[in-house]
>>> print(open('upload39.txt').read())   # compact mmCIF, C-alpha atoms and all ligand atoms
# COMPACT_ATOMS: atom_id res chain seq x y z
CA MET A 1 68.77 -119.23 -41.49
CA ARG A 2 72.44 -119.96 -42.18
CA THR A 3 73.31 -121.83 -45.36
CA LEU A 4 75.79 -124.69 -45.43
CA VAL A 5 76.76 -126.64 -48.52
CA PHE A 6 77.60 -130.28 -48.07
CA ALA A 7 80.32 -131.07 -50.60
CA SER A 8 79.14 -134.60 -51.32
CA SER A 9 77.15 -136.55 -53.85
CA ASN A 10 76.81 -139.63 -51.60
CA LYS A 11 73.08 -139.81 -50.76
CA GLY A 12 73.67 -141.90 -47.63
CA LYS A 13 76.11 -139.39 -46.17
CA ILE A 14 73.91 -136.43 -47.10
CA ALA A 15 70.87 -137.95 -45.38
CA GLU A 16 72.87 -138.69 -42.23
CA LEU A 17 74.42 -135.22 -42.05
CA LYS A 18 71.13 -133.43 -42.71
CA ALA A 19 69.55 -135.36 -39.83
CA LEU A 20 72.51 -134.52 -37.55
CA LEU A 21 72.42 -130.81 -38.42
CA GLY A 22 68.71 -130.39 -37.72
CA ASP A 23 66.32 -127.71 -38.93
CA ALA A 24 68.32 -124.62 -38.02
CA TRP A 25 70.41 -124.84 -41.20
CA ASP A 26 69.56 -124.51 -44.86
CA VAL A 27 71.60 -127.44 -46.16
CA LYS A 28 72.53 -127.64 -49.83
CA SER A 29 74.54 -130.39 -51.47
CA ALA A 30 76.62 -130.97 -54.60
CA SER A 31 73.48 -131.62 -56.67
CA ASP A 32 72.36 -128.00 -56.04
CA PHE A 33 75.55 -126.81 -57.78
CA PRO A 34 75.79 -128.88 -60.99
CA GLN A 35 78.21 -126.29 -62.43
CA ILE A 36 80.91 -127.34 -59.92
CA PRO A 37 82.91 -130.20 -61.48
CA GLU A 38 83.38 -133.40 -59.48
CA VAL A 39 86.41 -133.15 -57.19
CA ASP A 40 89.17 -135.63 -58.01
CA GLU A 41 89.91 -137.33 -54.66
CA ASP A 42 93.59 -137.80 -55.36
CA ARG A 43 95.02 -137.23 -51.87
CA ASP A 44 96.27 -140.19 -49.86
CA THR A 45 94.72 -139.14 -46.53
CA PHE A 46 91.13 -138.61 -45.37
CA GLU A 47 92.14 -135.09 -44.22
CA GLY A 48 93.58 -134.23 -47.63
CA ASN A 49 90.51 -135.34 -49.58
CA ALA A 50 88.04 -133.79 -47.10
CA ALA A 51 89.89 -130.46 -47.27
CA LYS A 52 90.06 -130.54 -51.06
CA LYS A 53 86.29 -131.15 -51.39
CA ALA A 54 85.35 -128.57 -48.73
CA HIS A 55 87.59 -125.78 -50.09
CA THR A 56 86.46 -126.37 -53.68
CA PHE A 57 82.82 -125.85 -52.65
CA ALA A 58 83.46 -122.95 -50.24
CA ARG A 59 85.41 -121.09 -52.92
CA ALA A 60 82.93 -121.78 -55.71
CA THR A 61 79.74 -121.05 -53.72
CA GLY A 62 80.83 -118.35 -51.28
CA VAL A 63 79.13 -120.16 -48.38
CA TRP A 64 80.41 -122.43 -45.63
CA ALA A 65 81.16 -125.89 -46.96
CA LEU A 66 81.30 -129.18 -45.10
CA ALA A 67 83.00 -132.26 -46.59
CA ASP A 68 83.24 -135.81 -45.30
CA ASP A 69 85.96 -138.21 -46.32
CA SER A 70 85.51 -141.62 -44.79
CA GLY A 71 86.36 -145.26 -45.23
CA LEU A 72 86.76 -148.70 -43.77
CA GLU A 73 90.07 -150.10 -42.45
CA VAL A 74 90.21 -153.89 -42.21
CA ASP A 75 93.03 -155.23 -40.04
CA ALA A 76 93.37 -158.54 -41.91
CA MET A 77 93.80 -156.49 -45.11
CA ASN A 78 96.54 -154.30 -43.58
CA GLY A 79 94.15 -151.37 -43.21
CA ARG A 80 92.79 -151.54 -46.76
CA PRO A 81 90.68 -150.25 -48.43
CA GLY A 82 90.93 -147.20 -46.10
CA VAL A 83 91.07 -143.94 -48.01
CA TYR A 84 90.33 -145.91 -51.21
CA SER A 85 87.05 -147.44 -49.89
CA ALA A 86 84.85 -145.77 -52.52
CA ARG A 87 87.11 -147.07 -55.31
CA TYR A 88 87.66 -150.61 -53.97
CA ALA A 89 85.14 -151.93 -56.57
CA PRO A 90 82.65 -150.15 -58.88
CA THR A 91 79.38 -150.60 -56.95
CA GLU A 92 78.37 -151.01 -53.30
CA ALA A 93 77.27 -154.62 -53.93
CA GLU A 94 80.55 -155.47 -55.68
CA ARG A 95 82.59 -153.90 -52.86
CA ILE A 96 80.83 -156.07 -50.31
CA GLU A 97 81.23 -159.20 -52.42
CA LYS A 98 84.92 -158.49 -53.07
CA MET A 99 85.65 -157.86 -49.38
CA LEU A 100 83.87 -161.03 -48.25
CA GLY A 101 85.90 -162.89 -50.89
CA GLU A 102 89.22 -161.44 -49.66
CA LEU A 103 88.32 -162.42 -46.10
CA GLN A 104 87.20 -165.94 -46.90
CA GLY A 105 88.73 -168.32 -44.35
CA VAL A 106 89.77 -165.51 -41.98
CA PRO A 107 88.53 -166.43 -38.47
CA ASP A 108 86.19 -164.13 -36.53
CA GLU A 109 88.85 -162.86 -34.11
CA LYS A 110 90.98 -161.62 -37.04
CA ARG A 111 88.12 -159.80 -38.84
CA THR A 112 88.40 -156.59 -36.78
CA ALA A 113 87.86 -153.32 -38.63
CA ARG A 114 86.97 -149.68 -38.12
CA PHE A 115 85.20 -146.92 -39.95
CA ARG A 116 86.97 -143.57 -40.01
CA CYS A 117 85.47 -140.20 -40.82
CA VAL A 118 87.18 -136.85 -41.23
CA LEU A 119 84.96 -133.80 -41.58
CA CYS A 120 86.35 -130.55 -42.91
CA LEU A 121 84.42 -127.30 -42.57
CA ALA A 122 85.85 -124.73 -44.98
CA PHE A 123 85.07 -121.01 -45.22
CA PRO A 124 85.14 -118.85 -48.35
CA ASP A 125 88.15 -116.96 -46.88
CA GLY A 126 90.22 -120.18 -47.08
CA THR A 127 90.24 -121.10 -43.38
CA GLU A 128 89.17 -124.54 -42.17
CA ARG A 129 88.26 -126.70 -39.16
CA PHE A 130 88.56 -130.47 -38.88
CA ALA A 131 86.87 -133.12 -36.74
CA LYS A 132 87.50 -136.88 -36.71
CA GLY A 133 85.58 -139.91 -35.57
CA THR A 134 86.04 -143.69 -35.56
CA CYS A 135 83.79 -146.69 -34.99
CA GLU A 136 85.22 -150.12 -34.11
CA GLY A 137 83.68 -153.39 -35.28
CA ALA A 138 84.35 -156.46 -37.42
CA ILE A 139 83.54 -157.73 -40.89
CA GLY A 140 80.76 -160.32 -40.91
CA HIS A 141 80.36 -163.33 -43.21
CA ALA A 142 77.24 -162.21 -45.10
CA PRO A 143 75.31 -158.93 -45.54
CA ARG A 144 72.51 -158.28 -43.02
CA GLY A 145 70.06 -155.39 -42.63
CA THR A 146 68.39 -152.81 -44.83
CA HIS A 147 69.38 -149.39 -43.44
CA GLY A 148 72.43 -147.21 -44.05
CA PHE A 149 74.70 -147.47 -47.09
CA GLY A 150 78.08 -148.67 -48.32
CA TYR A 151 79.72 -151.32 -46.16
CA ASP A 152 77.06 -151.09 -43.41
CA PRO A 153 75.49 -154.52 -44.13
CA ILE A 154 78.77 -156.36 -43.37
CA PHE A 155 80.05 -154.13 -40.53
CA VAL A 156 79.27 -155.95 -37.28
CA LEU A 157 79.18 -153.91 -34.07
CA PRO A 158 80.31 -155.25 -30.67
CA GLY A 159 76.63 -155.99 -29.77
CA GLY A 160 76.31 -158.35 -32.76
CA LYS A 161 74.09 -156.26 -35.03
CA THR A 162 75.36 -154.95 -38.33
CA MET A 163 75.36 -151.20 -38.93
CA SER A 164 72.53 -151.82 -41.44
CA GLU A 165 70.35 -153.28 -38.69
CA LEU A 166 70.37 -149.97 -36.81
CA THR A 167 67.93 -147.10 -37.37
CA ARG A 168 69.42 -143.83 -38.62
CA ASP A 169 69.28 -142.38 -35.09
CA GLU A 170 70.94 -145.44 -33.57
CA LYS A 171 73.70 -145.29 -36.18
CA ALA A 172 74.21 -141.56 -35.58
CA GLY A 173 74.69 -142.26 -31.86
CA LEU A 174 77.68 -144.53 -32.34
CA SER A 175 79.03 -144.07 -35.86
CA HIS A 176 82.33 -142.52 -36.96
CA ARG A 177 80.31 -139.76 -38.69
CA GLY A 178 78.16 -139.13 -35.60
CA HIS A 179 81.24 -138.83 -33.37
CA ALA A 180 83.03 -136.49 -35.77
CA PHE A 181 79.91 -134.41 -36.32
CA ARG A 182 79.24 -133.87 -32.61
CA LYS A 183 82.77 -132.48 -32.20
CA LEU A 184 82.23 -130.10 -35.11
CA LYS A 185 78.72 -129.10 -34.04
CA THR A 186 80.08 -127.16 -31.05
CA VAL A 187 82.36 -125.23 -33.41
CA LEU A 188 79.52 -124.66 -35.90
CA ASP A 189 77.16 -123.35 -33.20
CA GLU A 190 79.80 -120.98 -31.81
CA LEU A 191 80.75 -119.66 -35.24
CA ALA A 192 77.12 -119.29 -36.30
CA ALA A 193 76.39 -117.27 -33.17
CA GLY A 194 79.51 -115.10 -33.56
CA ARG A 195 79.61 -114.28 -37.26
P1 LIG B 201 81.60 -137.97 -51.60
O1 LIG B 201 83.10 -137.94 -51.83
O2 LIG B 201 80.81 -137.36 -52.71
O3 LIG B 201 81.21 -137.45 -50.25
P2 LIG B 201 82.01 -140.86 -51.68
O4 LIG B 201 81.05 -142.02 -51.62
O5 LIG B 201 82.96 -140.78 -52.84
O6 LIG B 201 81.13 -139.52 -51.56
P3 LIG B 201 84.29 -141.13 -49.90
O7 LIG B 201 85.25 -140.82 -50.98
O8 LIG B 201 84.48 -140.49 -48.56
O9 LIG B 201 82.78 -140.81 -50.32
O10 LIG B 201 84.26 -142.70 -49.73
C1 LIG B 201 83.77 -143.26 -48.59
C2 LIG B 201 83.37 -144.69 -48.86
O11 LIG B 201 83.51 -145.40 -47.61
C3 LIG B 201 81.90 -144.74 -49.22
O12 LIG B 201 81.71 -144.82 -50.60
C4 LIG B 201 81.43 -146.00 -48.51
O13 LIG B 201 81.64 -147.07 -49.39
C5 LIG B 201 82.36 -146.10 -47.29
N1 LIG B 201 81.72 -145.54 -46.10
C6 LIG B 201 81.96 -144.33 -45.51
N2 LIG B 201 81.13 -144.13 -44.48
C7 LIG B 201 80.35 -145.22 -44.41
C8 LIG B 201 79.29 -145.59 -43.59
O14 LIG B 201 78.84 -144.80 -42.63
N3 LIG B 201 78.72 -146.76 -43.79
C9 LIG B 201 79.14 -147.59 -44.77
N4 LIG B 201 80.11 -147.30 -45.64
C10 LIG B 201 80.73 -146.12 -45.45
>>> encode(input="upload39.txt", output="structure tokens", more="lines below")
Ligand code: ITT
Amino acid sequence: MRTLVFASSNKGKIAELKALLGDAWDVKSASDFPQIPEVDEDRDTFEGNAAKKAHTFARATGVWALADDSGLEVDAMNGRPGVYSARYAPTEAERIEKMLGELQGVPDEKRTARFRCVLCLAFPDGTERFAKGTCEGAIGHAPRGTHGFGYDPIFVLPGGKTMSELTRDEKAGLSHRGHAFRKLKTVLDELAAGR
């Protein structure tokens, strides 16, 4: 079984990626390597932060490392919080409250937004592969639903449900992370077969 370390400490992301990868991989995550210090996400692009996290773990562990850098771009906020989504406010609940506050009075047609995800797969020899995915939607007026994580309860999909009202499988089928992962999965399968 091939080992892959997921360079993340976000439980929601880890659960989604483990489900996407399936049983053929022995998936570790940041908590299995407490000796690796937390990576300072100081780059101003998703690609930059994903690459920094993935290379740090590939170098330190000697196994393939996958990192996800993702975020939410809100059109009425000029694309914010974007790459700074995790730092927009201290907790998930505060981020949601702050965003709903910033968007108070903004009409439905101007509440469009998208999730972006960049995955970076890094190898101990310093090489890397990227895959990207997006998911279009809008910011609702109040949180709804119990699944998922982060901004999911206020992210309304074209069908009217929030991302939190979808099961994990339904979310994987249409999410930014699901789209990015399926692009990378082809590469992963080919490399796993060839190396
Ligand atoms: P790691 O860096 O350890 O992976 P993180 O939470 O710091 O975890 P990011 O820097 O990539 O991750 O920040 C992404 C933030 O964007 C995350 O904290 C969520 O608030 C939000 N986000 C990303 N994907 C999301 C999703 O599928 N659903 C809801 N919110 C999401």
>>> residues_near_ligand(input="upload39.txt", ligand="ligand LIG 201 (chain B)", cutoff="9 Å", atoms="all atoms listed in the file", output="VMD selection string")
chain A and resid 6 to 14 16 30 38 to 41 46 49 to 50 53 67 to 72 81 to 88 91 to 92 95 115 to 118 148 to 155 163 to 164 171 175 to 177
>>> residues_around(input="upload39.txt", residues="Asp26 (chain A)", least_positions_apart="2", cutoff="7 Å", atoms="all atoms listed in the file", output="PyMOL selection string")
chain A and resi 1-4+24+28
>>> closest_atom_pairs(input="upload39.txt", of="region 15-84 of chain A", to="region 183-192 of chain A", cutoff="12 Å", atoms="all atoms listed in the file", output="tab-separated table")
residue	atom	partner	partner_atom	distance
A:Leu17	CA	A:Lys185	CA	11.0
A:Leu20	CA	A:Lys185	CA	9.0
A:Leu21	CA	A:Lys185	CA	7.9
A:Gly22	CA	A:Lys185	CA	10.7
A:Ala24	CA	A:Asp189	CA	10.1
A:Trp25	CA	A:Ala192	CA	10.0
A:Trp64	CA	A:Leu188	CA	10.0
A:Ala65	CA	A:Leu188	CA	11.2
A:Leu66	CA	A:Leu184	CA	10.1
A:Ala67	CA	A:Leu184	CA	11.7
A:Asp68	CA	A:Leu184	CA	11.7
>>> atom_distance(input="upload39.txt", atom1="CA of Ala193 (chain A)", atom2="CA of Asp23 (chain A)")
15.6 Å
>>> atom_distance(input="upload39.txt", atom1="CA of Pro158 (chain A)", atom2="CA of Thr45 (chain A)")
26.8 Å
>>> atom_distance(input="upload39.txt", atom1="CA of Val156 (chain A)", atom2="CA of Gly137 (chain A)")
5.5 Å
>>> closest_residue(input="upload39.txt", among="A:Ala15, A:Lys161, A:Leu119, A:Gly62", to="Val27 (chain A)", atoms="only C-alpha atoms")
A:Ala15
>>> closest_residue(input="upload39.txt", among="A:Ala172, A:Val5, A:Ala58, A:Ile96", to="Gly133 (chain A)", atoms="only C-alpha atoms")
A:Ala172
>>> closest_residue(input="upload39.txt", among="A:Gly173, A:Gly126, A:Pro90, A:Gly140", to="Gly105 (chain A)", atoms="only C-alpha atoms")
A:Gly140
>>> closest_residue(input="upload39.txt", among="A:Ala19, A:Val106, A:Met77, A:Ala122", to="Phe57 (chain A)", atoms="only C-alpha atoms")
A:Ala122
>>> decode(input="upload39.txt", residues="region 152-188 of chain A", atoms="N, CA, C and O atoms", output="PDB file, in the first residue's frame")
ATOM      1  N   ASP A 152     -19.367  26.385   4.658  1.00  0.00           N
ATOM      2  CA  ASP A 152     -20.418  25.578   4.011  1.00  0.00           C
ATOM      3  C   ASP A 152     -21.845  25.978   4.399  1.00  0.00           C
ATOM      4  O   ASP A 152     -22.721  25.999   3.528  1.00  0.00           O
ATOM      5  N   PRO A 153     -22.134  26.306   5.683  1.00  0.00           N
ATOM      6  CA  PRO A 153     -23.528  26.603   6.035  1.00  0.00           C
ATOM      7  C   PRO A 153     -24.105  27.861   5.371  1.00  0.00           C
ATOM      8  O   PRO A 153     -25.318  28.025   5.319  1.00  0.00           O
ATOM      9  N   ILE A 154     -23.245  28.758   4.856  1.00  0.00           N
ATOM     10  CA  ILE A 154     -23.790  29.968   4.211  1.00  0.00           C
ATOM     11  C   ILE A 154     -23.514  29.990   2.703  1.00  0.00           C
ATOM     12  O   ILE A 154     -23.794  30.978   2.027  1.00  0.00           O
ATOM     13  N   PHE A 155     -22.941  28.902   2.169  1.00  0.00           N
ATOM     14  CA  PHE A 155     -22.647  28.856   0.731  1.00  0.00           C
ATOM     15  C   PHE A 155     -23.813  28.160   0.027  1.00  0.00           C
ATOM     16  O   PHE A 155     -24.005  26.955   0.158  1.00  0.00           O
ATOM     17  N   VAL A 156     -24.584  28.955  -0.724  1.00  0.00           N
ATOM     18  CA  VAL A 156     -25.800  28.439  -1.369  1.00  0.00           C
ATOM     19  C   VAL A 156     -25.489  28.053  -2.820  1.00  0.00           C
ATOM     20  O   VAL A 156     -24.970  28.855  -3.593  1.00  0.00           O
ATOM     21  N   LEU A 157     -25.834  26.819  -3.148  1.00  0.00           N
ATOM     22  CA  LEU A 157     -25.583  26.297  -4.497  1.00  0.00           C
ATOM     23  C   LEU A 157     -26.723  26.685  -5.432  1.00  0.00           C
ATOM     24  O   LEU A 157     -27.811  27.044  -4.962  1.00  0.00           O
ATOM     25  N   PRO A 158     -26.499  26.613  -6.750  1.00  0.00           N
ATOM     26  CA  PRO A 158     -27.547  27.009  -7.702  1.00  0.00           C
ATOM     27  C   PRO A 158     -28.901  26.319  -7.438  1.00  0.00           C
ATOM     28  O   PRO A 158     -29.945  26.915  -7.642  1.00  0.00           O
ATOM     29  N   GLY A 159     -28.913  25.103  -6.931  1.00  0.00           N
ATOM     30  CA  GLY A 159     -30.177  24.403  -6.643  1.00  0.00           C
ATOM     31  C   GLY A 159     -30.912  24.929  -5.410  1.00  0.00           C
ATOM     32  O   GLY A 159     -32.053  24.548  -5.163  1.00  0.00           O
ATOM     33  N   GLY A 160     -30.271  25.786  -4.604  1.00  0.00           N
ATOM     34  CA  GLY A 160     -30.929  26.365  -3.442  1.00  0.00           C
ATOM     35  C   GLY A 160     -30.483  25.805  -2.104  1.00  0.00           C
ATOM     36  O   GLY A 160     -30.734  26.404  -1.063  1.00  0.00           O
ATOM     37  N   LYS A 161     -29.837  24.620  -2.125  1.00  0.00           N
ATOM     38  CA  LYS A 161     -29.343  24.062  -0.861  1.00  0.00           C
ATOM     39  C   LYS A 161     -28.011  24.702  -0.506  1.00  0.00           C
ATOM     40  O   LYS A 161     -27.252  25.104  -1.408  1.00  0.00           O
ATOM     41  N   THR A 162     -27.703  24.743   0.795  1.00  0.00           N
ATOM     42  CA  THR A 162     -26.349  25.168   1.155  1.00  0.00           C
ATOM     43  C   THR A 162     -25.430  23.948   1.052  1.00  0.00           C
ATOM     44  O   THR A 162     -25.888  22.797   1.054  1.00  0.00           O
ATOM     45  N   MET A 163     -24.141  24.209   1.007  1.00  0.00           N
ATOM     46  CA  MET A 163     -23.156  23.122   0.941  1.00  0.00           C
ATOM     47  C   MET A 163     -23.289  22.226   2.178  1.00  0.00           C
ATOM     48  O   MET A 163     -23.007  21.040   2.117  1.00  0.00           O
ATOM     49  N   SER A 164     -23.725  22.797   3.307  1.00  0.00           N
ATOM     50  CA  SER A 164     -23.879  22.023   4.547  1.00  0.00           C
ATOM     51  C   SER A 164     -25.105  21.125   4.531  1.00  0.00           C
ATOM     52  O   SER A 164     -25.276  20.300   5.414  1.00  0.00           O
ATOM     53  N   GLU A 165     -25.985  21.328   3.557  1.00  0.00           N
ATOM     54  CA  GLU A 165     -27.175  20.475   3.458  1.00  0.00           C
ATOM     55  C   GLU A 165     -26.929  19.279   2.541  1.00  0.00           C
ATOM     56  O   GLU A 165     -27.831  18.493   2.306  1.00  0.00           O
ATOM     57  N   LEU A 166     -25.714  19.165   2.023  1.00  0.00           N
ATOM     58  CA  LEU A 166     -25.358  18.020   1.173  1.00  0.00           C
ATOM     59  C   LEU A 166     -24.659  16.955   2.010  1.00  0.00           C
ATOM     60  O   LEU A 166     -23.994  17.268   2.999  1.00  0.00           O
ATOM     61  N   THR A 167     -24.781  15.692   1.598  1.00  0.00           N
ATOM     62  CA  THR A 167     -23.980  14.635   2.230  1.00  0.00           C
ATOM     63  C   THR A 167     -22.532  14.808   1.758  1.00  0.00           C
ATOM     64  O   THR A 167     -22.268  15.541   0.799  1.00  0.00           O
ATOM     65  N   ARG A 168     -21.614  14.075   2.400  1.00  0.00           N
ATOM     66  CA  ARG A 168     -20.210  14.185   1.986  1.00  0.00           C
ATOM     67  C   ARG A 168     -20.032  13.777   0.523  1.00  0.00           C
ATOM     68  O   ARG A 168     -19.297  14.411  -0.226  1.00  0.00           O
ATOM     69  N   ASP A 169     -20.735  12.722   0.102  1.00  0.00           N
ATOM     70  CA  ASP A 169     -20.620  12.258  -1.286  1.00  0.00           C
ATOM     71  C   ASP A 169     -21.184  13.289  -2.257  1.00  0.00           C
ATOM     72  O   ASP A 169     -20.609  13.535  -3.325  1.00  0.00           O
ATOM     73  N   GLU A 170     -22.314  13.882  -1.886  1.00  0.00           N
ATOM     74  CA  GLU A 170     -22.903  14.903  -2.775  1.00  0.00           C
ATOM     75  C   GLU A 170     -21.958  16.095  -2.896  1.00  0.00           C
ATOM     76  O   GLU A 170     -21.741  16.628  -3.978  1.00  0.00           O
ATOM     77  N   LYS A 171     -21.377  16.507  -1.772  1.00  0.00           N
ATOM     78  CA  LYS A 171     -20.430  17.633  -1.811  1.00  0.00           C
ATOM     79  C   LYS A 171     -19.221  17.277  -2.687  1.00  0.00           C
ATOM     80  O   LYS A 171     -18.793  18.074  -3.516  1.00  0.00           O
ATOM     81  N   ALA A 172     -18.709  16.063  -2.517  1.00  0.00           N
ATOM     82  CA  ALA A 172     -17.522  15.654  -3.290  1.00  0.00           C
ATOM     83  C   ALA A 172     -17.803  15.702  -4.787  1.00  0.00           C
ATOM     84  O   ALA A 172     -16.915  15.984  -5.589  1.00  0.00           O
ATOM     85  N   GLY A 173     -19.062  15.443  -5.179  1.00  0.00           N
ATOM     86  CA  GLY A 173     -19.416  15.417  -6.592  1.00  0.00           C
ATOM     87  C   GLY A 173     -19.368  16.781  -7.256  1.00  0.00           C
ATOM     88  O   GLY A 173     -19.139  16.873  -8.463  1.00  0.00           O
ATOM     89  N   LEU A 174     -19.564  17.832  -6.484  1.00  0.00           N
ATOM     90  CA  LEU A 174     -19.627  19.161  -7.127  1.00  0.00           C
ATOM     91  C   LEU A 174     -18.703  20.203  -6.514  1.00  0.00           C
ATOM     92  O   LEU A 174     -18.627  21.332  -7.011  1.00  0.00           O
ATOM     93  N   SER A 175     -17.973  19.857  -5.469  1.00  0.00           N
ATOM     94  CA  SER A 175     -17.173  20.882  -4.791  1.00  0.00           C
ATOM     95  C   SER A 175     -15.870  21.200  -5.537  1.00  0.00           C
ATOM     96  O   SER A 175     -15.388  20.414  -6.353  1.00  0.00           O
ATOM     97  N   HIS A 176     -15.309  22.349  -5.209  1.00  0.00           N
ATOM     98  CA  HIS A 176     -13.990  22.775  -5.668  1.00  0.00           C
ATOM     99  C   HIS A 176     -12.934  21.702  -5.370  1.00  0.00           C
ATOM    100  O   HIS A 176     -12.115  21.366  -6.213  1.00  0.00           O
ATOM    101  N   ARG A 177     -13.014  21.107  -4.164  1.00  0.00           N
ATOM    102  CA  ARG A 177     -12.027  20.093  -3.772  1.00  0.00           C
ATOM    103  C   ARG A 177     -12.231  18.818  -4.582  1.00  0.00           C
ATOM    104  O   ARG A 177     -11.282  18.177  -5.019  1.00  0.00           O
ATOM    105  N   GLY A 178     -13.496  18.431  -4.776  1.00  0.00           N
ATOM    106  CA  GLY A 178     -13.807  17.237  -5.568  1.00  0.00           C
ATOM    107  C   GLY A 178     -13.300  17.399  -6.996  1.00  0.00           C
ATOM    108  O   GLY A 178     -12.669  16.488  -7.543  1.00  0.00           O
ATOM    109  N   HIS A 179     -13.550  18.564  -7.600  1.00  0.00           N
ATOM    110  CA  HIS A 179     -13.102  18.795  -8.985  1.00  0.00           C
ATOM    111  C   HIS A 179     -11.581  18.743  -9.074  1.00  0.00           C
ATOM    112  O   HIS A 179     -11.023  18.098  -9.965  1.00  0.00           O
ATOM    113  N   ALA A 180     -10.912  19.431  -8.149  1.00  0.00           N
ATOM    114  CA  ALA A 180      -9.440  19.437  -8.185  1.00  0.00           C
ATOM    115  C   ALA A 180      -8.909  18.021  -7.960  1.00  0.00           C
ATOM    116  O   ALA A 180      -8.002  17.565  -8.657  1.00  0.00           O
ATOM    117  N   PHE A 181      -9.514  17.322  -7.008  1.00  0.00           N
ATOM    118  CA  PHE A 181      -9.001  15.994  -6.676  1.00  0.00           C
ATOM    119  C   PHE A 181      -9.125  15.033  -7.856  1.00  0.00           C
ATOM    120  O   PHE A 181      -8.216  14.251  -8.133  1.00  0.00           O
ATOM    121  N   ARG A 182     -10.265  15.085  -8.561  1.00  0.00           N
ATOM    122  CA  ARG A 182     -10.440  14.144  -9.680  1.00  0.00           C
ATOM    123  C   ARG A 182      -9.398  14.382 -10.769  1.00  0.00           C
ATOM    124  O   ARG A 182      -8.952  13.444 -11.421  1.00  0.00           O
ATOM    125  N   LYS A 183      -8.981  15.635 -10.950  1.00  0.00           N
ATOM    126  CA  LYS A 183      -7.911  15.899 -11.929  1.00  0.00           C
ATOM    127  C   LYS A 183      -6.599  15.273 -11.455  1.00  0.00           C
ATOM    128  O   LYS A 183      -5.846  14.700 -12.225  1.00  0.00           O
ATOM    129  N   LEU A 184      -6.339  15.394 -10.159  1.00  0.00           N
ATOM    130  CA  LEU A 184      -5.069  14.887  -9.629  1.00  0.00           C
ATOM    131  C   LEU A 184      -5.072  13.364  -9.504  1.00  0.00           C
ATOM    132  O   LEU A 184      -4.020  12.724  -9.568  1.00  0.00           O
ATOM    133  N   LYS A 185      -6.237  12.775  -9.356  1.00  0.00           N
ATOM    134  CA  LYS A 185      -6.337  11.332  -9.126  1.00  0.00           C
ATOM    135  C   LYS A 185      -5.761  10.558 -10.320  1.00  0.00           C
ATOM    136  O   LYS A 185      -5.082   9.547 -10.137  1.00  0.00           O
ATOM    137  N   THR A 186      -5.997  11.057 -11.527  1.00  0.00           N
ATOM    138  CA  THR A 186      -5.449  10.406 -12.717  1.00  0.00           C
ATOM    139  C   THR A 186      -3.924  10.384 -12.617  1.00  0.00           C
ATOM    140  O   THR A 186      -3.291   9.364 -12.864  1.00  0.00           O
ATOM    141  N   VAL A 187      -3.354  11.546 -12.243  1.00  0.00           N
ATOM    142  CA  VAL A 187      -1.896  11.649 -12.111  1.00  0.00           C
ATOM    143  C   VAL A 187      -1.409  10.702 -11.016  1.00  0.00           C
ATOM    144  O   VAL A 187      -0.437   9.960 -11.206  1.00  0.00           O
ATOM    145  N   LEU A 188      -2.091  10.703  -9.885  1.00  0.00           N
ATOM    146  CA  LEU A 188      -1.699   9.839  -8.754  1.00  0.00           C
ATOM    147  C   LEU A 188      -1.704   8.369  -9.160  1.00  0.00           C
ATOM    148  O   LEU A 188      -0.761   7.627  -8.864  1.00  0.00           O
TER     149      LEU A 188
END
